[in-house]
Amino acid sequence: MIVQTEHPSLQLAHREMIRLAARTPVRVDCDDGALWITEDGDPRDIVLETGESWTGGCGATVLIHALQPSLVRLADAGRPC
């Protein structure tokens, strides 16, 4: 997926998934719903609920899976790898 807006918002349906090939750190904001995030090379699973954020993806593939209908906002994390 290539997203070229400054702060894209994506509406994900239940069980919908997006894959990011993050070359730089990315911030994922869960504006509504619940998300499960996994990052290549990181053994942790991250679960975000409404109002929570996560930053990662420095040169890694990131999978974002909607545990329920969710509104996701992506942004450049503003820090180097």
# chains A, B, ... in the order shown; residues from 1 in each chain; ligands from 1

call {"tool": "residues_around", "arguments": {"residues": "A:Ile64", "least_positions_apart": "2", "cutoff": "7 Å", "atoms": "only C-alpha atoms", "output": "list in words"}}
result
Met17, Ile18, Arg19, Leu35, Trp36, Ile37, Thr38, Val62 and Ala66 of chain A

call {"tool": "write_last_selection", "arguments": {"atoms": "N, CA and C atoms", "output": "CSV table (one decimal), in the first residue's frame"}}
result
chain,number,residue,atom,x,y,z
A,17,MET,N,-7.0,-6.0,7.0
A,17,MET,CA,-5.6,-5.9,7.3
A,17,MET,C,-4.9,-5.0,6.3
A,18,ILE,N,-4.0,-4.2,6.8
A,18,ILE,CA,-3.1,-3.5,5.9
A,18,ILE,C,-1.7,-3.8,6.2
A,19,ARG,N,-0.8,-3.7,5.2
A,19,ARG,CA,0.6,-4.1,5.4
A,19,ARG,C,1.4,-2.8,5.0
A,35,LEU,N,-7.2,-2.4,17.2
A,35,LEU,CA,-6.2,-2.9,16.3
A,35,LEU,C,-5.2,-3.9,16.9
A,36,TRP,N,-4.8,-4.8,16.1
A,36,TRP,CA,-3.7,-5.7,16.5
A,36,TRP,C,-2.6,-5.4,15.5
A,37,ILE,N,-1.4,-5.1,16.0
A,37,ILE,CA,-0.2,-4.7,15.2
A,37,ILE,C,0.9,-5.7,15.5
A,38,THR,N,1.6,-6.1,14.4
A,38,THR,CA,2.8,-6.9,14.5
A,38,THR,C,3.8,-6.4,13.6
A,62,VAL,N,5.1,-3.9,8.7
A,62,VAL,CA,4.2,-3.8,9.8
A,62,VAL,C,2.8,-4.3,9.3
A,66,ALA,N,-7.6,-5.1,11.9
A,66,ALA,CA,-8.7,-4.6,12.7
A,66,ALA,C,-9.5,-5.7,13.4

call {"tool": "select_by_dssp", "arguments": {"residues": "stretch 12-78 of chain A", "states": "strand (DSSP E or B)", "output": "JSON, numbers by chain"}}
result
{"A": [12, 17, 18, 19, 20, 21, 26, 27, 28, 29, 30, 31, 32, 34, 35, 36, 37, 38, 39, 46, 47, 48, 49, 53, 54, 55, 56, 61, 62, 63, 64, 65, 66, 70, 71, 72, 73, 74, 75, 76]}

call {"tool": "residues_around", "arguments": {"residues": "A:Cys58", "least_positions_apart": "4", "cutoff": "9 Å", "atoms": "only C-alpha atoms", "output": "count of residues only"}}
result
7

call {"tool": "residues_around", "arguments": {"residues": "A:Cys30", "least_positions_apart": "2", "cutoff": "8 Å", "atoms": "only C-alpha atoms", "output": "list of chain:residue names"}}
result
A:Val28, A:Asp32, A:Gly33, A:Ala34, A:Leu35, A:Leu48, A:Glu49, A:Thr50, A:Gly51, A:Glu52, A:Ser53, A:Ser70, A:Leu71, A:Val72, A:Arg73
